[in-house]
Amino acid sequence: MRSGSSRFGLAAATLLACLSLLSAPVAARGACAVGQSITVAELPKQGRDTLALIAAGGPFPHGRDGVVFGNRERILPKAPRGYYHEYTVRTPGARNRGARRIVCGGDQRATEPCYYSDDHYQSFKCIVR
């Protein structure tokens, strides 16, 4: 039989674990938190190439790839500053970075959760596998 203090410690640890899961960004818990989704196969080839570069840690073609995405549009789930990073999805024929981006949360080599925007952050689709 456990003593009262060890039962309290176990209950407190369990409660803290549950609270940390609940306070994590929705995307970090594996849910698609934006209205629309897109499969990896449905991404343009350049989007699939960008996901592969993210998983490999680069090298990236644009100097701004991997910078912190501020989520100022507040379309993606709320997360602490520094959680999201943005990456360019090459647009054939564009002379600049174009409007297409992939934004991923968590570790910089993480490809989940990731979101695709083809309109420079006006909307996002959750990338599902």
# chains A, B, ... in the order shown; residues from 1 in each chain; ligands from 1
call {"tool": "residues_around", "arguments": {"residues": "A:Tyr84", "least_positions_apart": "4", "cutoff": "12 Å", "atoms": "only C-alpha atoms", "output": "VMD selection string"}}
result
chain A and resid 25 27 to 28 65 to 72 74 76 to 80 102 to 115
call {"tool": "select_by_dssp", "arguments": {"residues": "stretch 20-90 of chain A", "states": "strand (DSSP E or B)", "output": "list in words"}}
result
Gln36, Ser37, Ile38, Thr39, Val68, Tyr84, His85, Glu86, Tyr87 and Thr88 of chain A
call {"tool": "residues_around", "arguments": {"residues": "A:Gly47", "least_positions_apart": "3", "cutoff": "8 Å", "atoms": "only C-alpha atoms", "output": "PyMOL selection string"}}
result
chain A and resi 43-44+50-51+89-90+102
call {"tool": "atom_distance", "arguments": {"atom1": "atom CA of A:Gly63", "atom2": "atom CA of A:Thr39"}}
result
26.8 Å
call {"tool": "residues_around", "arguments": {"residues": "A:Ser123", "least_positions_apart": "4", "cutoff": "10 Å", "atoms": "only C-alpha atoms", "output": "PyMOL selection string"}}
result
chain A and resi 34-36+73+75-76+115-119
call {"tool": "atom_distance", "arguments": {"atom1": "atom CA of A:Asn96", "atom2": "atom CA of A:Arg129"}}
result
29.1 Å
call {"tool": "closest_residue", "arguments": {"among": "A:Gln46, A:Ile127, A:Ile38, A:Ala99", "to": "A:Pro61", "atoms": "only C-alpha atoms"}}
result
A:Gln46
